[in-house]
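*Asks:* Okay, so here is my_file-v7.txt, and as you'll see once you scroll down, it has compact mmCIF, C-alpha atoms.
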```txt
# COMPACT_ATOMS: atom_id res chain seq x y z
CA MET A 29 0.00 0.00 0.00
CA PHE A 30 2.82 2.42 0.79
CA TRP A 31 5.03 1.40 -2.10
CA PHE A 32 5.01 4.99 -3.40
CA LEU A 33 6.95 6.07 -0.25
CA ARG A 34 9.74 3.80 -1.35
CA GLY A 35 9.72 5.54 -4.71
CA ILE A 36 9.78 9.00 -3.12
CA ARG A 37 12.71 8.05 -0.88
CA LYS A 38 14.74 7.18 -3.95
CA GLY A 39 14.26 10.65 -5.39
CA VAL A 40 14.46 11.44 -9.11
CA VAL A 41 16.25 8.70 -11.04
CA THR A 42 15.72 10.14 -14.53
CA THR A 43 18.83 11.22 -16.41
CA ARG A 44 19.37 14.96 -17.03
CA TYR A 45 20.60 14.26 -20.58
CA PRO A 46 20.72 16.30 -22.85
CA ALA A 47 20.73 19.26 -20.40
CA ALA A 48 23.65 17.73 -18.47
CA PRO A 49 26.03 14.84 -19.26
CA ASP A 50 24.90 11.39 -18.15
CA PRO A 51 27.22 9.57 -15.69
CA SER A 52 26.70 6.22 -17.43
CA ALA A 53 28.03 7.57 -20.75
CA ALA A 54 31.64 6.81 -19.76
CA ARG A 55 30.94 3.06 -19.71
CA LEU A 56 29.37 2.82 -23.18
CA PRO A 57 31.08 0.86 -25.96
CA THR A 58 32.39 3.48 -28.37
CA PRO A 59 34.42 3.62 -31.61
CA PRO A 60 38.22 3.78 -31.35
CA ALA A 61 40.39 6.89 -31.33
CA PHE A 62 44.01 6.81 -32.47
CA ARG A 63 47.43 8.14 -31.46
CA VAL A 64 48.36 9.25 -34.97
CA ASP A 65 52.08 9.47 -34.14
CA LEU A 66 52.14 5.82 -32.99
CA LEU A 67 50.11 4.48 -35.91
CA THR A 68 52.46 2.75 -38.35
CA PRO A 69 51.47 1.37 -41.79
CA ASP A 70 52.12 -2.19 -40.53
CA LEU A 71 49.86 -1.69 -37.52
CA ALA A 72 47.21 -0.13 -39.76
CA ASP A 73 47.22 -3.26 -41.97
CA LEU A 74 46.87 -5.45 -38.85
CA LEU A 75 43.95 -3.37 -37.64
CA VAL A 76 42.20 -3.56 -41.02
CA ALA A 77 42.58 -7.36 -41.00
CA ALA A 78 41.37 -7.64 -37.40
CA CYS A 79 38.24 -5.45 -37.66
CA PRO A 80 35.26 -7.86 -37.61
CA PRO A 81 32.64 -5.57 -39.25
CA GLY A 82 35.13 -4.13 -41.75
CA ALA A 83 34.84 -0.61 -40.37
CA LEU A 84 38.55 0.06 -41.03
CA ARG A 85 39.92 0.41 -44.57
CA ARG A 86 43.21 1.57 -46.03
CA ARG A 87 43.53 4.45 -48.46
CA ASP A 88 47.02 5.59 -49.42
CA GLY A 89 48.67 7.07 -46.31
CA GLU A 90 45.40 7.02 -44.38
CA LEU A 91 43.25 4.70 -42.37
CA LEU A 92 39.52 5.17 -43.00
CA LEU A 93 37.32 4.64 -39.93
CA ASP A 94 33.65 4.13 -40.81
CA LEU A 95 31.79 5.04 -37.61
CA GLY A 96 28.56 3.78 -39.14
CA ALA A 97 30.00 0.29 -39.48
CA CYS A 98 31.95 0.25 -36.19
CA THR A 99 30.35 -1.95 -33.53
CA GLY A 100 32.65 -0.85 -30.69
CA CYS A 101 33.80 -4.45 -30.20
CA GLY A 102 37.32 -3.53 -29.10
CA ALA A 103 39.31 -5.84 -31.40
CA CYS A 104 41.41 -2.83 -32.49
CA TRP A 105 42.49 -1.70 -29.03
CA GLU A 106 43.19 -5.34 -28.10
CA ILE A 107 45.98 -5.44 -30.70
CA GLY A 108 46.74 -1.73 -31.11
CA GLY A 109 48.32 -1.17 -27.69
CA ALA A 110 48.95 2.49 -26.89
CA ALA A 111 48.06 3.58 -30.43
CA VAL A 112 44.34 2.78 -30.12
CA SER A 113 41.90 3.52 -27.29
CA PRO A 114 38.13 3.83 -26.94
CA SER A 115 37.08 7.36 -27.96
CA GLY A 116 34.19 7.71 -25.50
CA GLU A 117 32.13 9.45 -28.18
CA PHE A 118 28.55 8.22 -28.48
CA GLU A 119 26.80 11.33 -29.87
CA LEU A 120 27.46 10.41 -33.49
CA ALA A 121 24.06 10.86 -35.14
CA THR A 122 24.23 12.83 -38.40
CA ARG A 123 22.24 13.69 -41.52
CA ASP A 124 25.26 13.06 -43.73
CA ARG A 125 26.34 9.41 -44.06
CA ASP A 126 29.71 10.45 -45.52
CA ALA A 127 30.49 12.47 -42.37
CA LEU A 128 30.73 9.15 -40.52
CA VAL A 129 33.77 8.05 -42.54
CA LYS A 130 36.77 9.56 -40.78
CA PRO A 131 40.24 9.64 -42.39
CA ILE A 132 42.95 8.85 -39.81
CA ARG A 133 46.43 9.99 -40.84
CA ILE A 134 49.13 7.33 -40.44
CA GLY A 135 51.85 9.40 -38.82
CA GLY A 136 54.20 6.70 -37.47
CA ALA A 137 57.36 5.50 -39.21
CA THR A 138 57.48 2.06 -40.80
CA MET P 17 10.38 30.52 -57.05
CA THR P 18 6.59 30.47 -57.50
CA GLU P 19 4.20 31.61 -54.79
CA GLU P 20 2.93 28.04 -54.28
CA HIS P 21 6.46 26.73 -53.86
CA ARG P 22 7.28 29.42 -51.31
CA LEU P 23 4.11 28.68 -49.32
CA ALA P 24 4.79 24.93 -49.41
CA THR P 25 8.32 25.44 -48.09
CA GLU P 26 7.02 27.73 -45.35
CA LEU P 27 4.35 25.20 -44.35
CA LYS P 28 6.90 22.40 -44.23
CA GLY P 29 9.17 24.53 -42.04
CA ARG P 30 6.24 25.25 -39.71
CA ALA P 31 5.37 21.52 -39.52
CA PHE P 32 8.97 20.62 -38.72
CA SER P 33 9.12 23.29 -36.01
CA LEU P 34 6.06 21.66 -34.41
CA PHE P 35 7.99 18.37 -34.35
CA ARG P 36 10.35 20.02 -31.87
CA ARG P 37 7.64 19.98 -29.22
CA SER P 38 5.88 16.66 -29.83
CA LEU P 39 6.81 13.79 -32.09
CA HIS P 40 5.37 10.33 -32.58
CA ILE P 41 7.74 7.53 -33.49
CA ARG P 42 6.95 4.37 -35.41
CA THR P 43 9.65 1.69 -35.30
CA PHE P 44 10.24 -0.76 -38.12
CA ASP P 45 12.41 -3.88 -37.74
CA SER P 46 13.86 -4.85 -41.11
CA GLY P 47 15.53 -8.02 -39.86
CA SER P 48 17.60 -6.83 -36.91
CA CYS P 49 18.81 -9.07 -34.09
CA ALA P 50 16.40 -7.25 -31.71
CA VAL P 51 19.12 -5.63 -29.61
CA CYS P 52 18.35 -2.24 -31.19
CA GLU P 53 14.71 -2.88 -30.20
CA SER P 54 15.85 -3.75 -26.69
CA GLU P 55 17.63 -0.38 -26.44
CA LEU P 56 14.61 1.41 -27.92
CA ARG P 57 12.41 -0.19 -25.29
CA LEU P 58 14.71 1.20 -22.58
CA LEU P 59 13.87 4.74 -23.77
CA SER P 60 10.45 4.37 -22.13
CA SER P 61 11.98 3.37 -18.79
CA PRO P 62 11.96 5.82 -15.85
CA TYR P 63 15.71 6.40 -16.26
CA TYR P 64 15.64 7.70 -19.86
CA ASP P 65 11.95 8.69 -19.93
CA LEU P 66 11.70 9.98 -23.51
CA HIS P 67 8.21 11.32 -22.85
CA ARG P 68 9.76 14.22 -20.91
CA LEU P 69 11.25 15.36 -24.26
CA GLY P 70 7.95 15.07 -26.11
CA PHE P 71 8.64 11.80 -27.92
CA PHE P 72 6.04 9.04 -28.02
CA PHE P 73 5.85 5.64 -29.66
CA ALA P 74 2.94 5.39 -32.08
CA PRO P 75 0.93 2.18 -32.46
CA ALA P 76 0.63 2.51 -36.25
CA PRO P 77 2.57 4.24 -39.04
CA ARG P 78 -0.45 6.43 -39.85
CA HIS P 79 -0.10 8.02 -36.39
CA ALA P 80 3.62 8.64 -36.75
CA ASP P 81 5.80 11.62 -37.68
CA LEU P 82 9.06 9.71 -37.65
CA LEU P 83 9.89 6.26 -38.99
CA LEU P 84 12.74 4.60 -37.15
CA VAL P 85 14.22 1.68 -39.07
CA THR P 86 16.52 -0.95 -37.55
CA GLY P 87 18.14 -3.94 -39.22
CA PRO P 88 19.99 -4.55 -42.49
CA ALA P 89 16.89 -4.22 -44.76
CA VAL P 90 16.25 -7.86 -45.66
CA ARG P 91 14.74 -8.16 -49.13
CA ALA P 92 11.77 -10.08 -47.70
CA ALA P 93 10.75 -6.87 -45.87
CA ASP P 94 10.94 -4.60 -48.96
CA THR P 95 7.18 -4.41 -49.54
CA ALA P 96 6.42 -3.96 -45.85
CA LEU P 97 9.06 -1.23 -45.53
CA THR P 98 7.95 0.80 -48.56
CA LYS P 99 4.27 0.46 -47.59
CA THR P 100 5.05 1.53 -44.01
CA LEU P 101 6.90 4.58 -45.33
CA GLU P 102 3.96 5.44 -47.62
CA ALA P 103 1.57 5.14 -44.65
CA VAL P 104 3.51 7.73 -42.60
CA PRO P 105 1.97 11.10 -43.48
CA GLU P 106 4.12 13.91 -44.90
CA PRO P 107 6.11 15.73 -43.65
CA ARG P 108 8.01 12.84 -42.14
CA ILE P 109 11.49 11.98 -40.92
CA VAL P 110 13.24 8.65 -41.51
CA VAL P 111 15.95 7.58 -39.05
CA ALA P 112 18.23 4.57 -39.66
CA VAL P 113 19.42 3.01 -36.41
CA GLY P 114 22.35 0.70 -35.81
CA ALA P 115 25.40 -0.54 -37.67
CA CYS P 116 23.29 -2.97 -39.78
CA ALA P 117 21.00 -0.23 -41.07
CA LEU P 118 24.00 1.98 -41.90
CA GLY P 119 25.73 -0.65 -44.05
CA GLY P 120 28.19 -1.96 -41.50
CA VAL P 121 27.55 -5.58 -40.66
CA PHE P 122 26.02 -7.24 -43.72
CA THR P 123 27.15 -6.82 -47.32
CA GLU P 124 24.62 -6.69 -50.13
CA ASP P 125 23.60 -10.12 -51.41
CA GLU P 126 20.46 -11.94 -52.58
CA LEU P 127 18.98 -11.90 -49.07
CA VAL P 128 19.71 -8.43 -47.71
CA HIS P 129 20.28 -4.93 -49.10
CA GLY P 130 22.80 -4.41 -46.29
CA ARG P 131 21.69 -0.79 -45.72
CA VAL P 132 18.37 0.93 -45.28
CA ASP P 133 19.03 3.84 -47.67
CA ALA P 134 19.18 1.36 -50.56
CA VAL P 135 15.40 0.95 -50.14
CA ILE P 136 14.02 4.23 -48.71
CA PRO P 137 15.52 7.72 -48.33
CA VAL P 138 17.06 8.23 -44.87
CA ASP P 139 17.30 11.61 -43.12
CA VAL P 140 19.30 10.83 -39.98
CA TYR P 141 21.83 8.06 -39.31
CA VAL P 142 22.42 6.81 -35.75
CA PRO P 143 25.55 4.62 -35.50
CA GLY P 144 26.21 2.04 -32.80
CA CYS P 145 25.88 -1.68 -32.28
CA PRO P 146 23.51 -1.28 -30.59
CA PRO P 147 23.19 2.51 -30.21
CA SER P 148 22.77 3.15 -26.47
CA PRO P 149 19.56 4.86 -25.33
CA LEU P 150 21.61 8.06 -24.92
CA ALA P 151 22.81 7.80 -28.53
CA LEU P 152 19.21 7.21 -29.65
CA LEU P 153 18.05 10.28 -27.70
CA HIS P 154 20.81 12.30 -29.36
CA GLY P 155 19.73 10.95 -32.76
CA LEU P 156 16.09 11.86 -32.18
CA LEU P 157 17.01 15.36 -30.96
CA VAL P 158 19.24 15.84 -34.03
CA ALA P 159 16.36 14.65 -36.23
CA VAL P 160 14.02 17.34 -34.88
CA GLY P 161 16.74 20.00 -34.84
CA ARG P 162 17.01 20.42 -31.07
CA LEU P 163 20.66 19.35 -30.89
CA GLU P 164 23.57 20.09 -33.20
CA GLU P 165 25.45 17.32 -34.96
CA LYS P 166 28.79 16.71 -33.30
CA VAL P 167 30.53 14.16 -35.49
CA GLN P 168 31.82 16.70 -38.05
CA THR P 169 33.97 18.35 -35.38
CA LEU P 170 35.63 15.11 -34.22
CA ASP P 171 38.86 13.81 -35.74
CA PHE P 172 39.42 10.67 -33.60
CA ASP P 173 42.99 11.68 -32.92
CA LEU P 174 43.80 11.12 -29.22
CA ARG P 175 46.31 13.98 -29.14
CA SER P 176 43.70 16.60 -29.99
CA ALA P 177 41.26 17.87 -27.39
CA LYS P 178 38.38 17.08 -29.74
CA VAL P 179 38.09 13.53 -28.42
CA SER P 180 37.03 13.17 -24.82
CA ALA P 181 39.09 10.03 -24.00
```
Let's see the structure in the file written out as structure tokens.

*Replies:*
Amino acid sequence: MFWFLRGIRKGVVTTRYPAAPDPSAARLPTPPAFRVDLLTPDLADLLVAACPPGALRRRDGELLLDLGACTGCGACWEIGGAAVSPSGEFELATRDRDALVKPIRIGGAT
Amino acid sequence: MTEEHRLATELKGRAFSLFRRSLHIRTFDSGSCAVCESELRLLSSPYYDLHRLGFFFAPAPRHADLLLVTGPAVRAADTALTKTLEAVPEPRIVVAVGACALGGVFTEDELVHGRVDAVIPVDVYVPGCPPSPLALLHGLLVAVGRLEEKVQTLDFDLRSAKVSA
């Protein structure tokens, strides 16, 4: 009968997003971000071969990251070491599909 | 520009500005694994509570302003998908949700198109596998013009301050 008191004691549980950042956002699976200076052509080829959904492609001197295809699985930061980390970006919605394909410069030496 | 054309554009702009206050969503599953649906269902939970932002799920496409499509667009759903889109009254917004719908997971073959925009025109793309409820909220708010797109400003280089990691 007094279950609502239990609810009131808990206070407001609803997230403040988008007015304020949500605390759970840090734990979401997100696409990778790269240390461009540590990214070598050899590592880039390894990453392309290891990406399960094929979100990574090579174009001369660049690594193309397709955020639309990325599933945030983490295969790239498993093998990439310090060069690859989760980006923490989840607000990726866009009207332009091509804006989701990000060129990553390969800045490391061979 | 003719007078009719100008009035039509103005009316469309007015209709879209009304979407900012209240919007009814119809979801369409074009062969997804149901995890996108699971995340969509969470939007109605007390934690995310999408009703506070004026979004509602509609029971039929004729009641909807926005068609939200998940899945890789299996060819078996072609007729259903095009008919659903036709049933949503103009002006309408189409949102593709998840890596499958954006062309990530499945390649085009005799069973699937592999991407939703091969079948119907898509206005907003929401990446993620699955997109979290927060990402879906961001996508919906981008679709109605209440939030700015962010992805253009990101370069996914860890040395720049443009990535939060």

*Asks:* Compare A:Asp73, A:Arg87, A:Ala127, A:Leu67 by their minimum atom-to-atom distance to Gly109 of chain A, counting only C-alpha atoms, and give me the closest one.

*Replies:*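 Once distances to Gly109 of chain A are computed over only C-alpha atoms, the minimum belongs to A:Leu67.
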
*Asks:* Compare A:Gly89, A:Gly135, A:Gly35, A:Pro60 by their minimum atom-to-atom distance to Cys104 of chain A, counting only C-alpha atoms, and give me the closest one.

*Replies:*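 Under the stated criterion, the closest residue is A:Pro60.
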
*Asks:* Could you produce a table of the residues of chain P lying within 8 Å of chain A, with the nearest pair of atoms per residue and their separation in Å rounded to one decimal, using all atoms listed in the file, ordered by chain and increasing residue number, as a Markdown table?

*Replies:*
```
| residue | atom | partner | partner_atom | distance |
| --- | --- | --- | --- | --- |
| P:Pro62 | CA | A:Thr42 | CA | 5.9 |
| P:Tyr63 | CA | A:Thr42 | CA | 4.1 |
| P:Tyr64 | CA | A:Thr42 | CA | 5.9 |
| P:Asp65 | CA | A:Thr42 | CA | 6.7 |
| P:Gly114 | CA | A:Gly96 | CA | 7.7 |
| P:Ala115 | CA | A:Ala97 | CA | 5.0 |
| P:Cys116 | CA | A:Ala97 | CA | 7.5 |
| P:Leu118 | CA | A:Gly96 | CA | 5.6 |
| P:Gly119 | CA | A:Ala97 | CA | 6.3 |
| P:Gly120 | CA | A:Ala97 | CA | 3.5 |
| P:Val121 | CA | A:Pro81 | CA | 5.3 |
| P:Asp139 | CA | A:Arg123 | CA | 5.6 |
| P:Val140 | CA | A:Arg123 | CA | 4.4 |
| P:Tyr141 | CA | A:Thr122 | CA | 5.4 |
| P:Val142 | CA | A:Ala121 | CA | 4.4 |
| P:Pro143 | CA | A:Gly96 | CA | 4.8 |
| P:Gly144 | CA | A:Thr99 | CA | 5.8 |
| P:Cys145 | CA | A:Thr99 | CA | 4.6 |
| P:Pro146 | CA | A:Thr99 | CA | 7.5 |
| P:Ser148 | CA | A:Leu56 | CA | 7.4 |
| P:Leu150 | CA | A:Tyr45 | CA | 7.6 |
| P:Ala151 | CA | A:Glu119 | CA | 5.5 |
| P:His154 | CA | A:Glu119 | CA | 6.1 |
| P:Gly155 | CA | A:Ala121 | CA | 4.9 |
| P:Val158 | CA | A:Ala121 | CA | 7.0 |
| P:Ala159 | CA | A:Arg123 | CA | 8.0 |
| P:Glu165 | CA | A:Thr122 | CA | 5.8 |
| P:Lys166 | CA | A:Leu120 | CA | 6.4 |
| P:Val167 | CA | A:Leu120 | CA | 5.2 |
| P:Gln168 | CA | A:Ala127 | CA | 6.2 |
| P:Asp171 | CA | A:Lys130 | CA | 6.9 |
| P:Phe172 | CA | A:Ala61 | CA | 4.5 |
| P:Asp173 | CA | A:Phe62 | CA | 5.0 |
| P:Leu174 | CA | A:Arg63 | CA | 5.2 |
| P:Arg175 | CA | A:Arg63 | CA | 6.4 |
| P:Val179 | CA | A:Ser115 | CA | 6.3 |
| P:Ser180 | CA | A:Gly116 | CA | 6.2 |
| P:Ala181 | CA | A:Ser115 | CA | 5.2 |
```

*Asks:* Can you work out the spacing between atom CA of Ile41 of chain P and atom CA of Leu127 of chain P in Å, to one decimal?

*Replies:*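 Separation between atom CA of Ile41 of chain P and atom CA of Leu127 of chain P: 27.3 Å.
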
*Asks:* Please indicate the distance in Å from atom CA of Ala134 of chain P to atom CA of Leu66 of chain P, rounded to one decimal place.

*Replies:* 29.4 Å
